Every structure is written in structure tokens, then in C-alpha cells.
$ cat model-v1.cif   # mmCIF, N, CA and C atoms
data_run
loop_
_atom_site.label_atom_id
_atom_site.label_comp_id
_atom_site.auth_asym_id
_atom_site.auth_seq_id
_atom_site.Cartn_x
_atom_site.Cartn_y
_atom_site.Cartn_z
N MET C 17 1.57 -17.23 -0.81
CA MET C 17 2.63 -17.05 0.16
C MET C 17 2.74 -15.58 0.52
N ARG C 18 3.29 -15.34 1.70
CA ARG C 18 3.38 -13.97 2.22
C ARG C 18 4.79 -13.66 2.71
N VAL C 19 5.10 -12.35 2.74
CA VAL C 19 6.37 -11.88 3.29
C VAL C 19 6.06 -10.68 4.18
N ILE C 20 6.83 -10.56 5.25
CA ILE C 20 6.68 -9.43 6.16
C ILE C 20 7.94 -8.57 6.01
N VAL C 21 7.74 -7.28 5.71
CA VAL C 21 8.87 -6.38 5.48
C VAL C 21 8.85 -5.25 6.50
N TYR C 22 10.03 -4.74 6.84
CA TYR C 22 10.15 -3.79 7.95
C TYR C 22 11.04 -2.60 7.64
N GLY C 23 11.66 -2.55 6.47
CA GLY C 23 12.61 -1.48 6.20
C GLY C 23 12.51 -0.93 4.80
N SER C 24 13.57 -1.11 4.03
CA SER C 24 13.67 -0.49 2.70
C SER C 24 12.72 -1.09 1.67
N LEU C 25 12.04 -2.19 2.01
CA LEU C 25 11.03 -2.76 1.11
C LEU C 25 9.63 -2.20 1.37
N ARG C 26 9.46 -1.43 2.46
CA ARG C 26 8.15 -0.85 2.78
C ARG C 26 7.79 0.23 1.77
N ARG C 27 6.50 0.60 1.78
CA ARG C 27 6.01 1.65 0.88
C ARG C 27 6.84 2.91 1.04
N LYS C 28 7.08 3.59 -0.08
CA LYS C 28 7.79 4.87 -0.15
C LYS C 28 9.25 4.76 0.28
N GLN C 29 9.80 3.55 0.27
CA GLN C 29 11.21 3.35 0.60
C GLN C 29 11.98 2.93 -0.65
N GLY C 30 13.31 3.01 -0.57
CA GLY C 30 14.18 2.84 -1.73
C GLY C 30 14.07 1.51 -2.47
N ASN C 31 13.79 0.43 -1.76
CA ASN C 31 13.70 -0.88 -2.41
C ASN C 31 12.27 -1.36 -2.61
N HIS C 32 11.30 -0.47 -2.42
CA HIS C 32 9.90 -0.89 -2.56
C HIS C 32 9.57 -1.36 -3.98
N HIS C 33 10.34 -0.93 -4.97
CA HIS C 33 10.07 -1.37 -6.35
C HIS C 33 10.11 -2.89 -6.48
N TRP C 34 10.79 -3.57 -5.57
CA TRP C 34 10.81 -5.04 -5.58
C TRP C 34 9.42 -5.60 -5.25
N MET C 35 8.56 -4.78 -4.65
CA MET C 35 7.23 -5.22 -4.22
C MET C 35 6.13 -4.79 -5.19
N THR C 36 6.49 -4.29 -6.35
CA THR C 36 5.52 -3.75 -7.31
C THR C 36 4.38 -4.72 -7.61
N ASP C 37 4.69 -5.98 -7.80
CA ASP C 37 3.65 -6.96 -8.15
C ASP C 37 3.10 -7.71 -6.94
N ALA C 38 3.44 -7.23 -5.74
CA ALA C 38 2.94 -7.86 -4.51
C ALA C 38 1.66 -7.15 -4.06
N GLN C 39 0.84 -7.85 -3.30
CA GLN C 39 -0.41 -7.29 -2.79
C GLN C 39 -0.25 -6.98 -1.31
N LEU C 40 -0.39 -5.70 -0.93
CA LEU C 40 -0.32 -5.32 0.48
C LEU C 40 -1.54 -5.87 1.20
N LEU C 41 -1.30 -6.68 2.23
CA LEU C 41 -2.40 -7.22 3.04
C LEU C 41 -2.69 -6.33 4.23
N GLY C 42 -1.66 -5.65 4.73
CA GLY C 42 -1.86 -4.73 5.85
C GLY C 42 -0.60 -4.49 6.65
N GLU C 43 -0.73 -3.60 7.60
CA GLU C 43 0.36 -3.27 8.51
C GLU C 43 0.26 -4.16 9.74
N HIS C 44 1.39 -4.33 10.41
CA HIS C 44 1.42 -5.21 11.59
C HIS C 44 2.52 -4.76 12.53
N ARG C 45 2.22 -4.77 13.83
CA ARG C 45 3.23 -4.54 14.87
C ARG C 45 3.66 -5.91 15.37
N LEU C 46 4.92 -6.24 15.16
CA LEU C 46 5.45 -7.56 15.45
C LEU C 46 6.22 -7.53 16.77
N ASP C 47 5.72 -8.26 17.76
CA ASP C 47 6.35 -8.32 19.08
C ASP C 47 7.47 -9.35 19.09
N GLY C 48 8.48 -9.09 19.94
CA GLY C 48 9.57 -10.04 20.14
C GLY C 48 10.74 -9.86 19.19
N TYR C 49 10.85 -8.66 18.60
CA TYR C 49 11.93 -8.37 17.66
C TYR C 49 12.48 -6.98 17.91
N GLU C 50 13.73 -6.76 17.50
CA GLU C 50 14.38 -5.45 17.58
C GLU C 50 14.91 -5.10 16.20
N ILE C 51 14.96 -3.79 15.91
CA ILE C 51 15.43 -3.31 14.61
C ILE C 51 16.61 -2.37 14.81
N TYR C 52 17.62 -2.52 13.96
CA TYR C 52 18.85 -1.73 14.03
C TYR C 52 19.12 -1.07 12.70
N ASP C 53 19.80 0.08 12.75
CA ASP C 53 20.11 0.87 11.56
C ASP C 53 21.47 0.46 11.00
N LEU C 54 21.48 -0.07 9.78
CA LEU C 54 22.72 -0.43 9.09
C LEU C 54 23.13 0.64 8.07
N GLY C 55 22.40 1.74 8.04
CA GLY C 55 22.68 2.79 7.07
C GLY C 55 21.56 2.89 6.06
N HIS C 56 21.70 2.18 4.93
CA HIS C 56 20.68 2.24 3.87
C HIS C 56 19.55 1.25 4.08
N TYR C 57 19.72 0.33 4.99
CA TYR C 57 18.69 -0.67 5.27
C TYR C 57 18.86 -1.15 6.71
N PRO C 58 17.83 -1.79 7.26
CA PRO C 58 17.87 -2.20 8.66
C PRO C 58 18.24 -3.67 8.86
N ALA C 59 18.47 -3.98 10.12
CA ALA C 59 18.69 -5.36 10.57
C ALA C 59 17.64 -5.65 11.63
N VAL C 60 16.99 -6.81 11.54
CA VAL C 60 16.02 -7.23 12.56
C VAL C 60 16.50 -8.55 13.16
N ILE C 61 16.41 -8.59 14.50
CA ILE C 61 16.75 -9.81 15.24
C ILE C 61 15.64 -10.07 16.26
N ARG C 62 15.61 -11.27 16.79
CA ARG C 62 14.70 -11.56 17.89
C ARG C 62 15.17 -10.76 19.10
N GLY C 63 14.21 -10.23 19.88
CA GLY C 63 14.59 -9.43 21.03
C GLY C 63 13.39 -9.02 21.85
N GLU C 64 13.56 -7.95 22.59
CA GLU C 64 12.56 -7.50 23.55
C GLU C 64 11.56 -6.48 22.99
N GLY C 65 11.75 -6.03 21.78
CA GLY C 65 10.94 -4.93 21.28
C GLY C 65 9.77 -5.32 20.40
N THR C 66 9.22 -4.29 19.76
CA THR C 66 8.14 -4.43 18.79
C THR C 66 8.55 -3.64 17.55
N ILE C 67 8.35 -4.21 16.38
CA ILE C 67 8.71 -3.51 15.15
C ILE C 67 7.49 -3.30 14.26
N GLU C 68 7.52 -2.22 13.49
CA GLU C 68 6.46 -1.89 12.54
C GLU C 68 6.75 -2.57 11.22
N CYS C 69 5.76 -3.28 10.68
CA CYS C 69 5.95 -4.06 9.45
C CYS C 69 4.77 -3.89 8.51
N GLU C 70 4.97 -4.37 7.29
CA GLU C 70 3.91 -4.52 6.31
C GLU C 70 3.93 -5.97 5.84
N VAL C 71 2.76 -6.54 5.65
CA VAL C 71 2.66 -7.92 5.18
C VAL C 71 2.09 -7.91 3.76
N TYR C 72 2.75 -8.65 2.88
CA TYR C 72 2.37 -8.71 1.46
C TYR C 72 2.12 -10.15 1.04
N ARG C 73 1.16 -10.32 0.12
CA ARG C 73 1.00 -11.59 -0.58
C ARG C 73 1.93 -11.50 -1.79
N ILE C 74 2.75 -12.51 -1.97
CA ILE C 74 3.73 -12.49 -3.06
C ILE C 74 3.65 -13.79 -3.87
N THR C 75 4.28 -13.76 -5.02
CA THR C 75 4.37 -14.93 -5.89
C THR C 75 5.74 -15.58 -5.69
N PRO C 76 5.89 -16.83 -6.10
CA PRO C 76 7.21 -17.47 -6.00
C PRO C 76 8.34 -16.68 -6.71
N PRO C 77 8.09 -16.09 -7.89
CA PRO C 77 9.17 -15.30 -8.50
C PRO C 77 9.60 -14.10 -7.64
N ILE C 78 8.66 -13.46 -6.96
CA ILE C 78 9.02 -12.34 -6.09
C ILE C 78 9.89 -12.84 -4.93
N LEU C 79 9.51 -13.98 -4.34
CA LEU C 79 10.31 -14.54 -3.24
C LEU C 79 11.73 -14.87 -3.73
N THR C 80 11.84 -15.40 -4.92
CA THR C 80 13.16 -15.70 -5.50
C THR C 80 13.98 -14.43 -5.64
N GLU C 81 13.35 -13.35 -6.12
CA GLU C 81 14.05 -12.06 -6.25
C GLU C 81 14.48 -11.51 -4.90
N LEU C 82 13.60 -11.61 -3.89
CA LEU C 82 13.94 -11.12 -2.56
C LEU C 82 15.07 -11.94 -1.95
N ASP C 83 15.04 -13.25 -2.16
CA ASP C 83 16.14 -14.10 -1.68
C ASP C 83 17.46 -13.67 -2.30
N ALA C 84 17.44 -13.39 -3.60
CA ALA C 84 18.66 -12.95 -4.29
C ALA C 84 19.14 -11.61 -3.74
N LEU C 85 18.22 -10.69 -3.51
CA LEU C 85 18.55 -9.38 -2.94
C LEU C 85 19.20 -9.55 -1.57
N LYS C 86 18.62 -10.37 -0.72
CA LYS C 86 19.13 -10.57 0.63
C LYS C 86 20.40 -11.40 0.66
N LYS C 87 20.54 -12.34 -0.26
CA LYS C 87 21.73 -13.20 -0.27
C LYS C 87 22.97 -12.45 -0.76
N ASN C 88 22.76 -11.36 -1.50
CA ASN C 88 23.91 -10.57 -1.95
C ASN C 88 24.74 -10.13 -0.75
N ALA C 89 24.08 -9.77 0.33
CA ALA C 89 24.77 -9.34 1.54
C ALA C 89 25.14 -10.54 2.42
N GLN C 90 24.48 -11.67 2.24
CA GLN C 90 24.68 -12.89 3.03
C GLN C 90 24.59 -12.62 4.53
N GLU C 91 23.79 -11.63 4.88
CA GLU C 91 23.64 -11.26 6.29
C GLU C 91 22.31 -11.74 6.87
N TYR C 92 21.41 -12.24 6.01
CA TYR C 92 20.05 -12.56 6.44
C TYR C 92 19.69 -14.02 6.23
N GLN C 93 18.78 -14.48 7.07
CA GLN C 93 18.21 -15.81 6.90
C GLN C 93 16.70 -15.67 6.94
N ARG C 94 16.03 -16.35 6.03
CA ARG C 94 14.57 -16.27 5.94
C ARG C 94 13.94 -17.29 6.87
N GLU C 95 12.94 -16.84 7.66
CA GLU C 95 12.20 -17.72 8.57
C GLU C 95 10.71 -17.48 8.42
N LEU C 96 9.92 -18.52 8.63
CA LEU C 96 8.47 -18.45 8.53
C LEU C 96 7.90 -18.16 9.92
N ILE C 97 7.10 -17.08 10.02
CA ILE C 97 6.50 -16.71 11.30
C ILE C 97 4.99 -16.49 11.13
N GLU C 98 4.28 -16.46 12.23
CA GLU C 98 2.83 -16.24 12.21
C GLU C 98 2.52 -14.75 12.23
N THR C 99 1.54 -14.32 11.42
CA THR C 99 1.05 -12.94 11.42
C THR C 99 -0.48 -12.99 11.41
N PRO C 100 -1.15 -11.86 11.61
CA PRO C 100 -2.61 -11.85 11.53
C PRO C 100 -3.13 -12.21 10.14
N TYR C 101 -2.25 -12.17 9.15
CA TYR C 101 -2.63 -12.46 7.76
C TYR C 101 -2.22 -13.87 7.34
N GLY C 102 -1.78 -14.67 8.30
CA GLY C 102 -1.28 -16.01 8.02
C GLY C 102 0.23 -16.05 8.13
N LYS C 103 0.80 -17.21 7.90
CA LYS C 103 2.25 -17.36 7.99
C LYS C 103 2.92 -16.52 6.91
N ALA C 104 4.05 -15.89 7.29
CA ALA C 104 4.79 -15.04 6.36
C ALA C 104 6.28 -15.22 6.58
N TRP C 105 7.03 -15.06 5.51
CA TRP C 105 8.48 -15.10 5.60
C TRP C 105 9.01 -13.78 6.12
N ILE C 106 10.01 -13.83 6.99
CA ILE C 106 10.71 -12.64 7.47
C ILE C 106 12.21 -12.89 7.31
N TYR C 107 12.94 -11.86 6.98
CA TYR C 107 14.40 -11.96 6.85
C TYR C 107 15.03 -11.45 8.14
N LEU C 108 15.73 -12.34 8.85
CA LEU C 108 16.37 -11.99 10.12
C LEU C 108 17.88 -11.86 9.92
N TYR C 109 18.44 -10.84 10.57
CA TYR C 109 19.86 -10.54 10.49
C TYR C 109 20.67 -11.59 11.25
N GLN C 110 21.75 -12.06 10.65
CA GLN C 110 22.53 -13.15 11.23
C GLN C 110 23.85 -12.71 11.88
N LEU C 111 24.26 -11.45 11.68
CA LEU C 111 25.53 -10.98 12.22
C LEU C 111 25.30 -10.27 13.55
N SER C 112 26.38 -9.91 14.22
CA SER C 112 26.28 -9.22 15.51
C SER C 112 25.72 -7.80 15.31
N VAL C 113 24.89 -7.36 16.25
CA VAL C 113 24.37 -5.99 16.21
C VAL C 113 25.11 -5.11 17.22
N GLU C 114 26.14 -5.65 17.84
CA GLU C 114 26.92 -4.88 18.81
C GLU C 114 27.47 -3.62 18.14
N GLY C 115 27.25 -2.48 18.78
CA GLY C 115 27.73 -1.20 18.26
C GLY C 115 26.81 -0.54 17.26
N LEU C 116 25.73 -1.22 16.86
CA LEU C 116 24.78 -0.63 15.91
C LEU C 116 23.73 0.19 16.66
N GLN C 117 23.18 1.19 15.99
CA GLN C 117 22.13 2.03 16.56
C GLN C 117 20.80 1.29 16.53
N ARG C 118 20.22 1.04 17.72
CA ARG C 118 18.90 0.42 17.77
C ARG C 118 17.85 1.49 17.52
N ILE C 119 16.85 1.14 16.74
CA ILE C 119 15.72 2.04 16.48
C ILE C 119 14.67 1.69 17.52
N THR C 120 14.67 2.45 18.62
CA THR C 120 13.86 2.09 19.78
C THR C 120 12.37 2.17 19.52
N SER C 121 11.94 3.01 18.56
CA SER C 121 10.52 3.09 18.23
C SER C 121 10.05 1.82 17.51
N GLY C 122 11.00 1.08 16.94
CA GLY C 122 10.66 -0.11 16.17
C GLY C 122 10.23 0.20 14.75
N ASP C 123 10.29 1.47 14.37
CA ASP C 123 9.79 1.89 13.06
C ASP C 123 10.92 2.48 12.21
N TRP C 124 11.30 1.76 11.17
CA TRP C 124 12.36 2.20 10.27
C TRP C 124 12.06 3.58 9.69
N LEU C 125 10.80 3.88 9.43
CA LEU C 125 10.43 5.16 8.82
C LEU C 125 10.64 6.34 9.76
N LYS C 126 10.75 6.08 11.06
CA LYS C 126 10.93 7.16 12.04
C LYS C 126 12.35 7.22 12.60
N ARG C 127 13.29 6.53 11.98
CA ARG C 127 14.64 6.41 12.53
C ARG C 127 15.38 7.73 12.64
N HIS C 128 15.18 8.66 11.72
CA HIS C 128 15.93 9.92 11.76
C HIS C 128 15.47 10.83 12.89
N GLY C 129 14.20 10.80 13.22
CA GLY C 129 13.69 11.61 14.32
C GLY C 129 14.26 11.18 15.66
N GLU C 130 14.54 9.88 15.82
CA GLU C 130 15.09 9.37 17.07
C GLU C 130 16.49 9.88 17.31
N GLU C 131 17.29 9.97 16.24
CA GLU C 131 18.67 10.41 16.39
C GLU C 131 18.71 11.82 16.96
N GLU C 132 17.76 12.67 16.57
CA GLU C 132 17.73 14.04 17.04
C GLU C 132 17.36 14.11 18.52
N ASN C 133 16.58 13.13 19.01
CA ASN C 133 16.12 13.14 20.39
C ASN C 133 17.12 12.54 21.37
N GLU C 134 18.12 11.86 20.88
CA GLU C 134 19.06 11.19 21.79
C GLU C 134 20.25 12.05 22.10
#

$ encode --input "model-v1.cif" --output "C-alpha cells"
Amino acid sequence: MRVIVYGSLRRKQGNHHWMTDAQLLGEHRLDGYEIYDLGHYPAVIRGEGTIECEVYRITPPILTELDALKKNAQEYQRELIETPYGKAWIYLYQLSVEGLQRITSGDWLKRHGEEENE
């Protein structure tokens, strides 16, 4: 099974330790989604943009841990989508993004540079 991550679970990010036993399959630009800044982590919804992601092969225990991590906030729902590496789970934000800062580059890692340019 696979998961697609776009924010704090990516390499060199604060929650990447959850991916320690996962196998990175590769990077992917995902069309049809938008990413927003929630502060310490992002929100992704279906939309007009493209977001930068990483796709990992994971085990059932890792998926269980990620579900628990995401359910703590109860803001996300997991959906199965197609990637170049096969079908992968993605966590989509379920609350309103009104008033949130959109990361127009689509890349969570570049979010701070955008704020300076606006």
C-alpha cells in the first residue's frame, strides 16, 4: 500500500519521523489540488492547482499510525487516488479554507518565501 504526503510528513519536516519505516517511491506533482497553510501543517483540498508530494510504500501499521495522527485533529479524510507509483492514500482537509493563506506554488517547503513576495 502507498500514501502520498505533501506537508509535515515530507523529508526534513517535523513529522517525517512517522515515515521512518516507509519506502520513498518518488516525488510527484499532483494536479487538481490546492494547499493551504494552517501554521504547523498544511491543508489540501481539491481545486485548480498543482501540489508537490512524495509517494511512499507503507505497511498497515504505518497507515494505522497516520490515521491516528490525522484523526486527532478530525480535520482530514483519507481517499485513494491514482499516482505514477500506483494507487495511494491522500489525506484531504474537510473544513473550510476561507481566510487561510493559499500556498500558490503548491509546495509546502517553499511556503515562507511566498509570504515575503506578496

$ residues_around --input "model-v1.cif" --residues "Gly23 (chain C)" --least-positions-apart "2" --cutoff "6 Å" --atoms "only N, CA and C atoms" --output "VMD selection string"
chain C and resid 21 25 to 26 58 124

$ write_last_selection --input "model-v1.cif" --atoms "N, CA and C atoms" --output "mmCIF file, in the frame of the given file"
data_model
loop_
_atom_site.group_PDB
_atom_site.id
_atom_site.type_symbol
_atom_site.label_atom_id
_atom_site.label_comp_id
_atom_site.auth_asym_id
_atom_site.auth_seq_id
_atom_site.Cartn_x
_atom_site.Cartn_y
_atom_site.Cartn_z
ATOM 1 N N VAL C 21 7.740 -7.280 5.710
ATOM 2 C CA VAL C 21 8.870 -6.380 5.480
ATOM 3 C C VAL C 21 8.850 -5.250 6.500
ATOM 4 N N LEU C 25 12.040 -2.190 2.010
ATOM 5 C CA LEU C 25 11.030 -2.760 1.110
ATOM 6 C C LEU C 25 9.630 -2.200 1.370
ATOM 7 N N ARG C 26 9.460 -1.430 2.460
ATOM 8 C CA ARG C 26 8.150 -0.850 2.780
ATOM 9 C C ARG C 26 7.790 0.230 1.770
ATOM 10 N N PRO C 58 17.830 -1.790 7.260
ATOM 11 C CA PRO C 58 17.870 -2.200 8.660
ATOM 12 C C PRO C 58 18.240 -3.670 8.860
ATOM 13 N N TRP C 124 11.300 1.760 11.170
ATOM 14 C CA TRP C 124 12.360 2.200 10.270
ATOM 15 C C TRP C 124 12.060 3.580 9.690
#

$ resolve_selection --input "model-v1.cif" --expression "the PyMOL selection byres ((chain C and resi 115-120) around 7)" --output "list in words"
Glu50, Ile51, Tyr52, Asp53, Leu54, Ser112, Val113, Glu114, Ser121, Gly122, Asp123, Trp124 and Arg127 of chain C

$ residues_around --input "model-v1.cif" --residues "Gly42 (chain C)" --least-positions-apart "4" --cutoff "10 Å" --atoms "only C-alpha atoms" --output "PyMOL selection string"
chain C and resi 20+69-73+100-101

$ select_by_dssp --input "model-v1.cif" --residues "chain C" --states "strand (DSSP E)" --output "PyMOL selection string"
chain C and resi 18-21+39-53+58-73+92-99+102-109+117-118

$ atom_distance --input "model-v1.cif" --atom1 "atom C of Ile106 (chain C)" --atom2 "atom N of Gly129 (chain C)"
24.5 Å

$ resolve_selection --input "model-v1.cif" --expression "the PyMOL selection byres ((chain C and resi 92) around 7)" --output "list in words"
Lys86, Lys87, Ala89, Gln90, Glu91, Gln93, Arg94, Tyr107, Leu108, Tyr109, Gln110 and Leu111 of chain C

$ select_by_dssp --input "model-v1.cif" --residues "region 26-112 of chain C" --states "alpha helix (DSSP H)" --output "ChimeraX atom specification"
/C:76-89

$ atom_distance --input "model-v1.cif" --atom1 "atom N of Thr80 (chain C)" --atom2 "atom C of Ala38 (chain C)"
13.1 Å

$ closest_residue --input "model-v1.cif" --among "C:Pro76, C:Lys103, C:Arg27, C:Val60" --to "Leu40 (chain C)" --atoms "only C-alpha atoms"
C:Arg27

$ atom_distance --input "model-v1.cif" --atom1 "atom N of Leu85 (chain C)" --atom2 "CA of Trp34 (chain C)"
9.5 Å

$ closest_residue --input "model-v1.cif" --among "C:Leu46, C:Leu82, C:Ile97, C:Ala104" --to "Gly65 (chain C)" --atoms "only C-alpha atoms"
C:Leu46

$ axis_aligned_box --input "model-v1.cif" --around "region 30-41 of chain C" --padding-each-side "4 Å" --output "AutoDock Vina command-line options"
--center_x 5.7 --center_y -2.4 --center_z -2.0 --size_x 24.9 --size_y 18.9 --size_z 20.4

$ build_atoms --input "model-v1.cif" --residues "region 107-118 of chain C" --atoms "all heavy atoms" --output "PDB file, keeping the file's coordinate frame"
ATOM      1  N   TYR C 107      12.940 -11.860   6.980  1.00  0.00           N
ATOM      2  CA  TYR C 107      14.400 -11.960   6.850  1.00  0.00           C
ATOM      3  C   TYR C 107      15.030 -11.450   8.140  1.00  0.00           C
ATOM      4  O   TYR C 107      14.896 -10.266   8.479  1.00  0.00           O
ATOM      5  CB  TYR C 107      14.887 -11.149   5.648  1.00  0.00           C
ATOM      6  CG  TYR C 107      14.474 -11.766   4.332  1.00  0.00           C
ATOM      7  CD1 TYR C 107      13.264 -11.415   3.729  1.00  0.00           C
ATOM      8  CD2 TYR C 107      15.270 -12.712   3.717  1.00  0.00           C
ATOM      9  CE1 TYR C 107      12.882 -11.989   2.527  1.00  0.00           C
ATOM     10  CE2 TYR C 107      14.889 -13.299   2.516  1.00  0.00           C
ATOM     11  CZ  TYR C 107      13.698 -12.932   1.928  1.00  0.00           C
ATOM     12  OH  TYR C 107      13.310 -13.511   0.743  1.00  0.00           O
ATOM     13  N   LEU C 108      15.730 -12.340   8.850  1.00  0.00           N
ATOM     14  CA  LEU C 108      16.370 -11.990  10.120  1.00  0.00           C
ATOM     15  C   LEU C 108      17.880 -11.860   9.920  1.00  0.00           C
ATOM     16  O   LEU C 108      18.507 -12.655   9.221  1.00  0.00           O
ATOM     17  CB  LEU C 108      16.068 -13.046  11.182  1.00  0.00           C
ATOM     18  CG  LEU C 108      14.589 -13.189  11.541  1.00  0.00           C
ATOM     19  CD1 LEU C 108      14.405 -14.285  12.581  1.00  0.00           C
ATOM     20  CD2 LEU C 108      14.012 -11.871  12.041  1.00  0.00           C
ATOM     21  N   TYR C 109      18.440 -10.840  10.570  1.00  0.00           N
ATOM     22  CA  TYR C 109      19.860 -10.540  10.490  1.00  0.00           C
ATOM     23  C   TYR C 109      20.670 -11.590  11.250  1.00  0.00           C
ATOM     24  O   TYR C 109      20.300 -11.964  12.369  1.00  0.00           O
ATOM     25  CB  TYR C 109      20.091  -9.145  11.080  1.00  0.00           C
ATOM     26  CG  TYR C 109      21.420  -8.535  10.783  1.00  0.00           C
ATOM     27  CD1 TYR C 109      21.781  -8.204   9.489  1.00  0.00           C
ATOM     28  CD2 TYR C 109      22.313  -8.249  11.809  1.00  0.00           C
ATOM     29  CE1 TYR C 109      23.004  -7.605   9.219  1.00  0.00           C
ATOM     30  CE2 TYR C 109      23.535  -7.652  11.546  1.00  0.00           C
ATOM     31  CZ  TYR C 109      23.873  -7.333  10.251  1.00  0.00           C
ATOM     32  OH  TYR C 109      25.082  -6.744   9.988  1.00  0.00           O
ATOM     33  N   GLN C 110      21.750 -12.060  10.650  1.00  0.00           N
ATOM     34  CA  GLN C 110      22.530 -13.150  11.230  1.00  0.00           C
ATOM     35  C   GLN C 110      23.850 -12.710  11.880  1.00  0.00           C
ATOM     36  O   GLN C 110      24.503 -13.497  12.535  1.00  0.00           O
ATOM     37  CB  GLN C 110      22.829 -14.191  10.151  1.00  0.00           C
ATOM     38  CG  GLN C 110      21.583 -14.810   9.562  1.00  0.00           C
ATOM     39  CD  GLN C 110      20.745 -15.516  10.616  1.00  0.00           C
ATOM     40  OE1 GLN C 110      21.202 -16.438  11.257  1.00  0.00           O
ATOM     41  NE2 GLN C 110      19.520 -15.042  10.820  1.00  0.00           N
ATOM     42  N   LEU C 111      24.260 -11.450  11.680  1.00  0.00           N
ATOM     43  CA  LEU C 111      25.530 -10.980  12.220  1.00  0.00           C
ATOM     44  C   LEU C 111      25.300 -10.270  13.550  1.00  0.00           C
ATOM     45  O   LEU C 111      24.168 -10.003  13.946  1.00  0.00           O
ATOM     46  CB  LEU C 111      26.215 -10.051  11.215  1.00  0.00           C
ATOM     47  CG  LEU C 111      26.444 -10.644   9.821  1.00  0.00           C
ATOM     48  CD1 LEU C 111      27.089  -9.617   8.903  1.00  0.00           C
ATOM     49  CD2 LEU C 111      27.303 -11.904   9.899  1.00  0.00           C
ATOM     50  N   SER C 112      26.380  -9.910  14.220  1.00  0.00           N
ATOM     51  CA  SER C 112      26.280  -9.220  15.510  1.00  0.00           C
ATOM     52  C   SER C 112      25.720  -7.800  15.310  1.00  0.00           C
ATOM     53  O   SER C 112      26.049  -7.121  14.333  1.00  0.00           O
ATOM     54  CB  SER C 112      27.665  -9.117  16.139  1.00  0.00           C
ATOM     55  OG  SER C 112      27.627  -8.281  17.285  1.00  0.00           O
ATOM     56  N   VAL C 113      24.890  -7.360  16.250  1.00  0.00           N
ATOM     57  CA  VAL C 113      24.370  -5.990  16.210  1.00  0.00           C
ATOM     58  C   VAL C 113      25.110  -5.110  17.220  1.00  0.00           C
ATOM     59  O   VAL C 113      24.740  -3.951  17.413  1.00  0.00           O
ATOM     60  CB  VAL C 113      22.842  -5.956  16.475  1.00  0.00           C
ATOM     61  CG1 VAL C 113      22.090  -6.622  15.339  1.00  0.00           C
ATOM     62  CG2 VAL C 113      22.489  -6.566  17.810  1.00  0.00           C
ATOM     63  N   GLU C 114      26.140  -5.650  17.840  1.00  0.00           N
ATOM     64  CA  GLU C 114      26.920  -4.880  18.810  1.00  0.00           C
ATOM     65  C   GLU C 114      27.470  -3.620  18.140  1.00  0.00           C
ATOM     66  O   GLU C 114      28.039  -3.670  17.049  1.00  0.00           O
ATOM     67  CB  GLU C 114      28.075  -5.721  19.338  1.00  0.00           C
ATOM     68  CG  GLU C 114      28.839  -5.040  20.448  1.00  0.00           C
ATOM     69  CD  GLU C 114      29.915  -5.922  21.054  1.00  0.00           C
ATOM     70  OE1 GLU C 114      29.778  -7.160  20.998  1.00  0.00           O
ATOM     71  OE2 GLU C 114      30.880  -5.370  21.577  1.00  0.00           O
ATOM     72  N   GLY C 115      27.250  -2.480  18.780  1.00  0.00           N
ATOM     73  CA  GLY C 115      27.730  -1.200  18.260  1.00  0.00           C
ATOM     74  C   GLY C 115      26.810  -0.540  17.260  1.00  0.00           C
ATOM     75  O   GLY C 115      27.048   0.590  16.851  1.00  0.00           O
ATOM     76  N   LEU C 116      25.730  -1.220  16.860  1.00  0.00           N
ATOM     77  CA  LEU C 116      24.780  -0.630  15.910  1.00  0.00           C
ATOM     78  C   LEU C 116      23.730   0.190  16.660  1.00  0.00           C
ATOM     79  O   LEU C 116      23.409  -0.102  17.818  1.00  0.00           O
ATOM     80  CB  LEU C 116      24.074  -1.720  15.107  1.00  0.00           C
ATOM     81  CG  LEU C 116      24.945  -2.552  14.176  1.00  0.00           C
ATOM     82  CD1 LEU C 116      24.116  -3.642  13.512  1.00  0.00           C
ATOM     83  CD2 LEU C 116      25.603  -1.672  13.117  1.00  0.00           C
ATOM     84  N   GLN C 117      23.180   1.190  15.990  1.00  0.00           N
ATOM     85  CA  GLN C 117      22.130   2.030  16.560  1.00  0.00           C
ATOM     86  C   GLN C 117      20.800   1.290  16.530  1.00  0.00           C
ATOM     87  O   GLN C 117      20.304   0.949  15.466  1.00  0.00           O
ATOM     88  CB  GLN C 117      22.019   3.320  15.745  1.00  0.00           C
ATOM     89  CG  GLN C 117      20.791   4.150  16.003  1.00  0.00           C
ATOM     90  CD  GLN C 117      21.035   5.239  17.018  1.00  0.00           C
ATOM     91  OE1 GLN C 117      22.148   5.667  17.205  1.00  0.00           O
ATOM     92  NE2 GLN C 117      19.987   5.669  17.673  1.00  0.00           N
ATOM     93  N   ARG C 118      20.220   1.040  17.720  1.00  0.00           N
ATOM     94  CA  ARG C 118      18.900   0.420  17.770  1.00  0.00           C
ATOM     95  C   ARG C 118      17.850   1.490  17.520  1.00  0.00           C
ATOM     96  O   ARG C 118      17.943   2.599  18.037  1.00  0.00           O
ATOM     97  CB  ARG C 118      18.659  -0.241  19.131  1.00  0.00           C
ATOM     98  CG  ARG C 118      17.296  -0.905  19.182  1.00  0.00           C
ATOM     99  CD  ARG C 118      17.067  -1.673  20.446  1.00  0.00           C
ATOM    100  NE  ARG C 118      15.688  -2.144  20.487  1.00  0.00           N
ATOM    101  CZ  ARG C 118      15.081  -2.547  21.572  1.00  0.00           C
ATOM    102  NH1 ARG C 118      15.720  -2.582  22.729  1.00  0.00           N
ATOM    103  NH2 ARG C 118      13.824  -2.936  21.520  1.00  0.00           N
TER     104      ARG C 118
END
